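Trainee: One file is attached below, start.cif, containing mmCIF, N, CA and C atoms.
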data_upload
#
loop_
_atom_site.group_PDB
_atom_site.id
_atom_site.type_symbol
_atom_site.label_atom_id
_atom_site.label_comp_id
_atom_site.auth_asym_id
_atom_site.auth_seq_id
_atom_site.Cartn_x
_atom_site.Cartn_y
_atom_site.Cartn_z
ATOM 1 N N ASN A 19 20.707 100.728 -154.734
ATOM 2 C CA ASN A 19 21.461 101.938 -155.029
ATOM 3 C C ASN A 19 22.931 101.638 -154.822
ATOM 4 N N GLY A 20 23.770 102.009 -155.767
ATOM 5 C CA GLY A 20 25.185 101.755 -155.625
ATOM 6 C C GLY A 20 25.992 102.458 -156.682
ATOM 7 N N THR A 21 27.252 102.483 -156.457
ATOM 8 C CA THR A 21 28.194 103.081 -157.383
ATOM 9 C C THR A 21 28.989 101.955 -158.021
ATOM 10 N N VAL A 22 29.157 102.018 -159.328
ATOM 11 C CA VAL A 22 29.817 100.948 -160.065
ATOM 12 C C VAL A 22 30.932 101.524 -160.918
ATOM 13 N N THR A 23 32.015 100.772 -161.035
ATOM 14 C CA THR A 23 33.070 101.117 -161.981
ATOM 15 C C THR A 23 33.580 99.822 -162.593
ATOM 16 N N THR A 24 34.120 99.925 -163.778
ATOM 17 C CA THR A 24 34.643 98.764 -164.484
ATOM 18 C C THR A 24 36.149 98.940 -164.676
ATOM 19 N N ILE A 25 36.884 97.875 -164.388
ATOM 20 C CA ILE A 25 38.336 97.867 -164.579
ATOM 21 C C ILE A 25 38.657 96.839 -165.654
ATOM 22 N N VAL A 26 39.443 97.231 -166.641
ATOM 23 C CA VAL A 26 39.846 96.325 -167.711
ATOM 24 C C VAL A 26 41.316 95.972 -167.494
ATOM 25 N N PHE A 27 41.584 94.673 -167.483
ATOM 26 C CA PHE A 27 42.950 94.178 -167.309
ATOM 27 C C PHE A 27 43.539 93.790 -168.654
ATOM 28 N N GLU A 28 44.847 93.881 -168.755
ATOM 29 C CA GLU A 28 45.542 93.371 -169.933
ATOM 30 C C GLU A 28 45.311 91.864 -169.995
ATOM 31 N N LYS A 29 45.204 91.326 -171.175
ATOM 32 C CA LYS A 29 44.961 89.890 -171.348
ATOM 33 C C LYS A 29 46.022 89.076 -170.599
ATOM 34 N N GLY A 30 45.554 88.150 -169.785
ATOM 35 C CA GLY A 30 46.441 87.261 -169.047
ATOM 36 C C GLY A 30 47.091 87.884 -167.826
ATOM 37 N N GLN A 31 46.789 89.156 -167.536
ATOM 38 C CA GLN A 31 47.421 89.861 -166.428
ATOM 39 C C GLN A 31 46.445 90.055 -165.271
ATOM 40 N N SER A 32 46.993 90.094 -164.067
ATOM 41 C CA SER A 32 46.144 90.331 -162.897
ATOM 42 C C SER A 32 46.493 91.634 -162.179
ATOM 43 N N LEU A 33 47.602 92.255 -162.563
ATOM 44 C CA LEU A 33 48.000 93.506 -161.915
ATOM 45 C C LEU A 33 47.184 94.671 -162.451
ATOM 46 N N LEU A 34 46.826 95.570 -161.550
ATOM 47 C CA LEU A 34 46.108 96.775 -161.956
ATOM 48 C C LEU A 34 47.026 97.669 -162.775
ATOM 49 N N GLY A 35 46.559 98.076 -163.932
ATOM 50 C CA GLY A 35 47.308 99.014 -164.745
ATOM 51 C C GLY A 35 47.010 100.436 -164.321
ATOM 52 N N PRO A 36 47.671 101.404 -164.931
ATOM 53 C CA PRO A 36 47.458 102.813 -164.580
ATOM 54 C C PRO A 36 45.997 103.256 -164.710
ATOM 55 N N ASP A 37 45.301 102.801 -165.746
ATOM 56 C CA ASP A 37 43.897 103.193 -165.926
ATOM 57 C C ASP A 37 43.026 102.631 -164.815
ATOM 58 N N GLY A 38 43.266 101.383 -164.435
ATOM 59 C CA GLY A 38 42.500 100.765 -163.354
ATOM 60 C C GLY A 38 42.734 101.462 -162.026
ATOM 61 N N LYS A 39 44.002 101.755 -161.742
ATOM 62 C CA LYS A 39 44.329 102.468 -160.499
ATOM 63 C C LYS A 39 43.675 103.846 -160.484
ATOM 64 N N ASN A 40 43.717 104.515 -161.632
ATOM 65 C CA ASN A 40 43.116 105.843 -161.727
ATOM 66 C C ASN A 40 41.610 105.776 -161.495
ATOM 67 N N SER A 41 40.943 104.817 -162.132
ATOM 68 C CA SER A 41 39.489 104.675 -161.972
ATOM 69 C C SER A 41 39.107 104.406 -160.524
ATOM 70 N N LEU A 42 39.812 103.490 -159.877
ATOM 71 C CA LEU A 42 39.516 103.166 -158.483
ATOM 72 C C LEU A 42 39.869 104.319 -157.553
ATOM 73 N N GLY A 43 40.983 104.993 -157.822
ATOM 74 C CA GLY A 43 41.381 106.141 -157.007
ATOM 75 C C GLY A 43 40.376 107.271 -157.100
ATOM 76 N N GLU A 44 39.896 107.548 -158.311
ATOM 77 C CA GLU A 44 38.894 108.593 -158.510
ATOM 78 C C GLU A 44 37.583 108.223 -157.818
ATOM 79 N N LEU A 45 37.220 106.968 -157.889
ATOM 80 C CA LEU A 45 36.002 106.505 -157.215
ATOM 81 C C LEU A 45 36.117 106.716 -155.709
ATOM 82 N N ALA A 46 37.239 106.325 -155.135
ATOM 83 C CA ALA A 46 37.448 106.489 -153.691
ATOM 84 C C ALA A 46 37.415 107.964 -153.302
ATOM 85 N N LYS A 47 38.057 108.832 -154.094
ATOM 86 C CA LYS A 47 38.059 110.271 -153.804
ATOM 87 C C LYS A 47 36.651 110.858 -153.874
ATOM 88 N N ARG A 48 35.900 110.447 -154.898
ATOM 89 C CA ARG A 48 34.540 110.968 -155.062
ATOM 90 C C ARG A 48 33.657 110.553 -153.884
ATOM 91 N N LEU A 49 33.743 109.307 -153.476
ATOM 92 C CA LEU A 49 32.934 108.837 -152.352
ATOM 93 C C LEU A 49 33.329 109.551 -151.062
ATOM 94 N N GLU A 50 34.619 109.768 -150.882
ATOM 95 C CA GLU A 50 35.100 110.474 -149.691
ATOM 96 C C GLU A 50 34.617 111.923 -149.698
ATOM 97 N N ALA A 51 34.691 112.587 -150.856
ATOM 98 C CA ALA A 51 34.259 113.980 -150.958
ATOM 99 C C ALA A 51 32.760 114.120 -150.693
ATOM 100 N N GLU A 52 31.989 113.108 -151.081
ATOM 101 C CA GLU A 52 30.544 113.127 -150.844
ATOM 102 C C GLU A 52 30.204 112.762 -149.410
ATOM 103 N N GLY A 53 31.193 112.291 -148.665
ATOM 104 C CA GLY A 53 30.945 111.868 -147.291
ATOM 105 C C GLY A 53 30.152 110.580 -147.207
ATOM 106 N N THR A 54 30.250 109.770 -148.238
ATOM 107 C CA THR A 54 29.497 108.530 -148.317
ATOM 108 C C THR A 54 30.053 107.478 -147.368
ATOM 109 N N ASP A 55 29.177 106.924 -146.539
ATOM 110 C CA ASP A 55 29.553 105.776 -145.720
ATOM 111 C C ASP A 55 29.385 104.533 -146.581
ATOM 112 N N ILE A 56 30.435 103.772 -146.724
ATOM 113 C CA ILE A 56 30.387 102.579 -147.561
ATOM 114 C C ILE A 56 30.137 101.371 -146.670
ATOM 115 N N ASP A 57 28.981 100.757 -146.840
ATOM 116 C CA ASP A 57 28.635 99.586 -146.047
ATOM 117 C C ASP A 57 29.381 98.345 -146.527
ATOM 118 N N GLU A 58 29.436 98.165 -147.833
ATOM 119 C CA GLU A 58 30.137 97.020 -148.381
ATOM 120 C C GLU A 58 30.538 97.287 -149.818
ATOM 121 N N ILE A 59 31.543 96.560 -150.241
ATOM 122 C CA ILE A 59 32.016 96.619 -151.621
ATOM 123 C C ILE A 59 31.986 95.201 -152.159
ATOM 124 N N LYS A 60 31.455 95.045 -153.364
ATOM 125 C CA LYS A 60 31.451 93.751 -154.030
ATOM 126 C C LYS A 60 32.329 93.851 -155.266
ATOM 127 N N ILE A 61 33.302 92.981 -155.342
ATOM 128 C CA ILE A 61 34.190 92.923 -156.499
ATOM 129 C C ILE A 61 33.785 91.705 -157.320
ATOM 130 N N LEU A 62 33.413 91.932 -158.554
ATOM 131 C CA LEU A 62 33.049 90.853 -159.463
ATOM 132 C C LEU A 62 34.175 90.727 -160.479
ATOM 133 N N ALA A 63 34.821 89.576 -160.526
ATOM 134 C CA ALA A 63 35.997 89.418 -161.371
ATOM 135 C C ALA A 63 35.833 88.268 -162.354
ATOM 136 N N TRP A 64 36.341 88.462 -163.552
ATOM 137 C CA TRP A 64 36.330 87.454 -164.593
ATOM 138 C C TRP A 64 37.754 87.252 -165.108
ATOM 139 N N SER A 65 37.943 86.126 -165.756
ATOM 140 C CA SER A 65 39.212 85.894 -166.446
ATOM 141 C C SER A 65 39.058 86.460 -167.853
ATOM 142 N N ASP A 66 39.894 86.028 -168.776
ATOM 143 C CA ASP A 66 39.824 86.531 -170.151
ATOM 144 C C ASP A 66 38.762 85.816 -170.975
ATOM 145 N N THR A 67 38.254 84.695 -170.478
ATOM 146 C CA THR A 67 37.244 83.936 -171.187
ATOM 147 C C THR A 67 35.865 84.318 -170.661
ATOM 148 N N GLU A 68 34.970 84.712 -171.553
ATOM 149 C CA GLU A 68 33.644 85.152 -171.124
ATOM 150 C C GLU A 68 32.788 84.022 -170.593
ATOM 151 N N TYR A 69 32.859 82.874 -171.230
ATOM 152 C CA TYR A 69 31.992 81.758 -170.844
ATOM 153 C C TYR A 69 32.834 80.539 -170.500
ATOM 154 N N PRO A 70 32.336 79.715 -169.581
ATOM 155 C CA PRO A 70 33.052 78.482 -169.235
ATOM 156 C C PRO A 70 33.182 77.558 -170.448
ATOM 157 N N ASN A 71 34.066 76.617 -170.333
ATOM 158 C CA ASN A 71 34.264 75.598 -171.347
ATOM 159 C C ASN A 71 32.906 74.969 -171.687
ATOM 160 N N GLN A 72 32.565 74.900 -172.952
ATOM 161 C CA GLN A 72 31.252 74.410 -173.372
ATOM 162 C C GLN A 72 31.063 72.912 -173.121
ATOM 163 N N VAL A 73 32.153 72.175 -172.994
ATOM 164 C CA VAL A 73 32.045 70.742 -172.720
ATOM 165 C C VAL A 73 31.919 70.497 -171.219
ATOM 166 N N LYS A 74 32.809 71.098 -170.437
ATOM 167 C CA LYS A 74 32.826 70.883 -168.982
ATOM 168 C C LYS A 74 31.849 71.792 -168.239
ATOM 169 N N LYS A 75 31.377 72.849 -168.888
ATOM 170 C CA LYS A 75 30.448 73.808 -168.287
ATOM 171 C C LYS A 75 31.015 74.512 -167.058
ATOM 172 N N LYS A 76 32.329 74.617 -166.995
ATOM 173 C CA LYS A 76 32.934 75.380 -165.912
ATOM 174 C C LYS A 76 34.272 75.953 -166.379
ATOM 175 N N ALA A 77 34.735 76.956 -165.660
ATOM 176 C CA ALA A 77 36.000 77.610 -166.006
ATOM 177 C C ALA A 77 37.167 76.704 -165.629
ATOM 178 N N SER A 78 38.257 76.851 -166.363
ATOM 179 C CA SER A 78 39.453 76.078 -166.051
ATOM 180 C C SER A 78 40.093 76.612 -164.773
ATOM 181 N N THR A 79 40.952 75.823 -164.177
ATOM 182 C CA THR A 79 41.656 76.244 -162.969
ATOM 183 C C THR A 79 42.444 77.519 -163.236
ATOM 184 N N LYS A 80 43.089 77.612 -164.379
ATOM 185 C CA LYS A 80 43.877 78.794 -164.746
ATOM 186 C C LYS A 80 42.992 80.045 -164.790
ATOM 187 N N GLU A 81 41.791 79.908 -165.352
ATOM 188 C CA GLU A 81 40.881 81.046 -165.435
ATOM 189 C C GLU A 81 40.386 81.467 -164.054
ATOM 190 N N VAL A 82 40.103 80.492 -163.193
ATOM 191 C CA VAL A 82 39.638 80.794 -161.836
ATOM 192 C C VAL A 82 40.737 81.509 -161.056
ATOM 193 N N VAL A 83 41.968 81.052 -161.190
ATOM 194 C CA VAL A 83 43.100 81.673 -160.491
ATOM 195 C C VAL A 83 43.288 83.108 -160.978
ATOM 196 N N LEU A 84 43.227 83.327 -162.281
ATOM 197 C CA LEU A 84 43.400 84.673 -162.837
ATOM 198 C C LEU A 84 42.319 85.620 -162.300
ATOM 199 N N ALA A 85 41.074 85.184 -162.311
ATOM 200 C CA ALA A 85 39.984 86.024 -161.800
ATOM 201 C C ALA A 85 40.175 86.310 -160.308
ATOM 202 N N SER A 86 40.602 85.311 -159.548
ATOM 203 C CA SER A 86 40.832 85.496 -158.105
ATOM 204 C C SER A 86 41.966 86.482 -157.844
ATOM 205 N N GLU A 87 43.027 86.377 -158.618
ATOM 206 C CA GLU A 87 44.153 87.311 -158.463
ATOM 207 C C GLU A 87 43.732 88.730 -158.809
ATOM 208 N N ARG A 88 42.937 88.893 -159.834
ATOM 209 C CA ARG A 88 42.449 90.215 -160.210
ATOM 210 C C ARG A 88 41.610 90.810 -159.077
ATOM 211 N N ALA A 89 40.706 90.014 -158.540
ATOM 212 C CA ALA A 89 39.856 90.484 -157.444
ATOM 213 C C ALA A 89 40.698 90.873 -156.235
ATOM 214 N N GLN A 90 41.705 90.074 -155.921
ATOM 215 C CA GLN A 90 42.555 90.359 -154.763
ATOM 216 C C GLN A 90 43.339 91.653 -154.969
ATOM 217 N N ASN A 91 43.819 91.902 -156.171
ATOM 218 C CA ASN A 91 44.557 93.130 -156.446
ATOM 219 C C ASN A 91 43.653 94.357 -156.344
ATOM 220 N N VAL A 92 42.418 94.243 -156.786
ATOM 221 C CA VAL A 92 41.463 95.348 -156.637
ATOM 222 C C VAL A 92 41.195 95.575 -155.151
ATOM 223 N N ARG A 93 40.977 94.501 -154.424
ATOM 224 C CA ARG A 93 40.717 94.583 -152.982
ATOM 225 C C ARG A 93 41.874 95.267 -152.247
ATOM 226 N N ASP A 94 43.105 94.828 -152.533
ATOM 227 C CA ASP A 94 44.286 95.406 -151.889
ATOM 228 C C ASP A 94 44.375 96.905 -152.157
ATOM 229 N N PHE A 95 44.124 97.294 -153.399
ATOM 230 C CA PHE A 95 44.189 98.712 -153.767
ATOM 231 C C PHE A 95 43.134 99.510 -153.009
ATOM 232 N N LEU A 96 41.910 99.011 -152.972
ATOM 233 C CA LEU A 96 40.831 99.731 -152.289
ATOM 234 C C LEU A 96 41.074 99.826 -150.788
ATOM 235 N N GLU A 97 41.605 98.787 -150.197
ATOM 236 C CA GLU A 97 41.885 98.826 -148.758
ATOM 237 C C GLU A 97 42.894 99.927 -148.425
ATOM 238 N N LYS A 98 43.841 100.178 -149.336
ATOM 239 C CA LYS A 98 44.835 101.239 -149.123
ATOM 240 C C LYS A 98 44.229 102.625 -149.380
ATOM 241 N N GLU A 99 43.333 102.727 -150.367
ATOM 242 C CA GLU A 99 42.783 104.016 -150.776
ATOM 243 C C GLU A 99 41.663 104.535 -149.873
ATOM 244 N N LEU A 100 40.825 103.635 -149.397
ATOM 245 C CA LEU A 100 39.671 104.058 -148.612
ATOM 246 C C LEU A 100 40.083 104.374 -147.187
ATOM 247 N N LYS A 101 39.510 105.409 -146.656
ATOM 248 C CA LYS A 101 39.849 105.861 -145.308
ATOM 249 C C LYS A 101 38.911 105.281 -144.256
ATOM 250 N N GLN A 102 38.089 104.321 -144.626
ATOM 251 C CA GLN A 102 37.152 103.726 -143.687
ATOM 252 C C GLN A 102 37.227 102.202 -143.761
ATOM 253 N N ASP A 103 36.828 101.582 -142.682
ATOM 254 C CA ASP A 103 36.812 100.130 -142.615
ATOM 255 C C ASP A 103 35.552 99.647 -143.313
ATOM 256 N N THR A 104 35.712 98.922 -144.393
ATOM 257 C CA THR A 104 34.588 98.511 -145.218
ATOM 258 C C THR A 104 34.646 97.009 -145.468
ATOM 259 N N ASP A 105 33.492 96.370 -145.475
ATOM 260 C CA ASP A 105 33.382 94.953 -145.801
ATOM 261 C C ASP A 105 33.554 94.806 -147.313
ATOM 262 N N ILE A 106 34.601 94.100 -147.739
ATOM 263 C CA ILE A 106 34.861 93.902 -149.160
ATOM 264 C C ILE A 106 34.768 92.412 -149.467
ATOM 265 N N ASP A 107 33.859 92.067 -150.380
ATOM 266 C CA ASP A 107 33.689 90.682 -150.811
ATOM 267 C C ASP A 107 33.995 90.597 -152.298
ATOM 268 N N SER A 108 34.484 89.446 -152.734
ATOM 269 C CA SER A 108 34.737 89.267 -154.155
ATOM 270 C C SER A 108 34.097 87.980 -154.641
ATOM 271 N N TYR A 109 33.709 88.010 -155.903
ATOM 272 C CA TYR A 109 33.046 86.881 -156.556
ATOM 273 C C TYR A 109 33.663 86.698 -157.938
ATOM 274 N N ASN A 110 33.813 85.455 -158.345
ATOM 275 C CA ASN A 110 34.284 85.198 -159.710
ATOM 276 C C ASN A 110 33.705 83.918 -160.230
#
Show how you would write the structure in this file as structure tokens.
Mentor:
Amino acid sequence: NGTVTTIVFEKGQSLLGPDGKNSLGELAKRLEAEGTDIDEIKILAWSDTEYPNQVKKKASTKEVVLASERAQNVRDFLEKELKQDTDIDSYN
């Protein structure tokens, strides 16, 4: 059981845009209004490329960095928005 939201980033960008901030802010408000205790948050982040390089079978360093930066920006935003101490993990 869990609550999920999707954030779309501008191509090549890692900063949260207004739509992303709004989606995450609304999610935090809804969970707070419901009195939901959040045990953990998992952030799943991708770069702009859906699949790894077909020859090397892995993402490029640039793609890994972009996904990591996106995850960190989501994490930073949620840490400011949520009023409770929550375990936040990210994967990319």
Trainee: Can you tell me how far atom C of Glu81 in chain A sits from CA of Asp94 in chain A, in Å to one decimal?
Mentor: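 Between atom C of Glu81 in chain A and CA of Asp94 in chain A the gap works out to 18.9 Å.
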Trainee: Rank nothing, just name the residue among A:Val83, A:Ala51, A:Ile59, A:Leu45 nearest to Gln31 in chain A, using only C-alpha atoms.
Mentor: A:Val83
Trainee: Give me the residues within 7 Å of Glu58 in chain A as a list of chain:residue names, counting only C-alpha atoms and dropping any in the same chain fewer than 6 places off.
Mentor: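 Near neighbours after the sequence-gap exclusion: A:Thr104, A:Asp105, A:Ile106.
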Trainee: Closest to Ser65 in chain A among A:Arg93, A:Lys47, A:Arg88, A:Lys101, using only C-alpha atoms?
Mentor: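 Ranked by minimum distance to Ser65 in chain A, first place goes to A:Arg88.
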Trainee: Looking at all atoms listed in the file, which of A:Lys60, A:Ala77, A:Lys29, A:Leu84 is the one that sits closest to Tyr109 in chain A?
Mentor: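 When distances to Tyr109 in chain A are compared using all atoms listed in the file, the smallest one comes from A:Lys60.
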Trainee: Have a look at CA of Thr79 in chain A and CA of Ser41 in chain A and let me know their distance in Å, one decimal.
Mentor: 28.5 Å
Trainee: I'd like to know which residues of range 20-109 of chain A are alpha helix (DSSP H) (by DSSP, run on the backbone); could you write them as a VMD selection string?
Mentor: chain A and resid 36 to 52 79 to 99
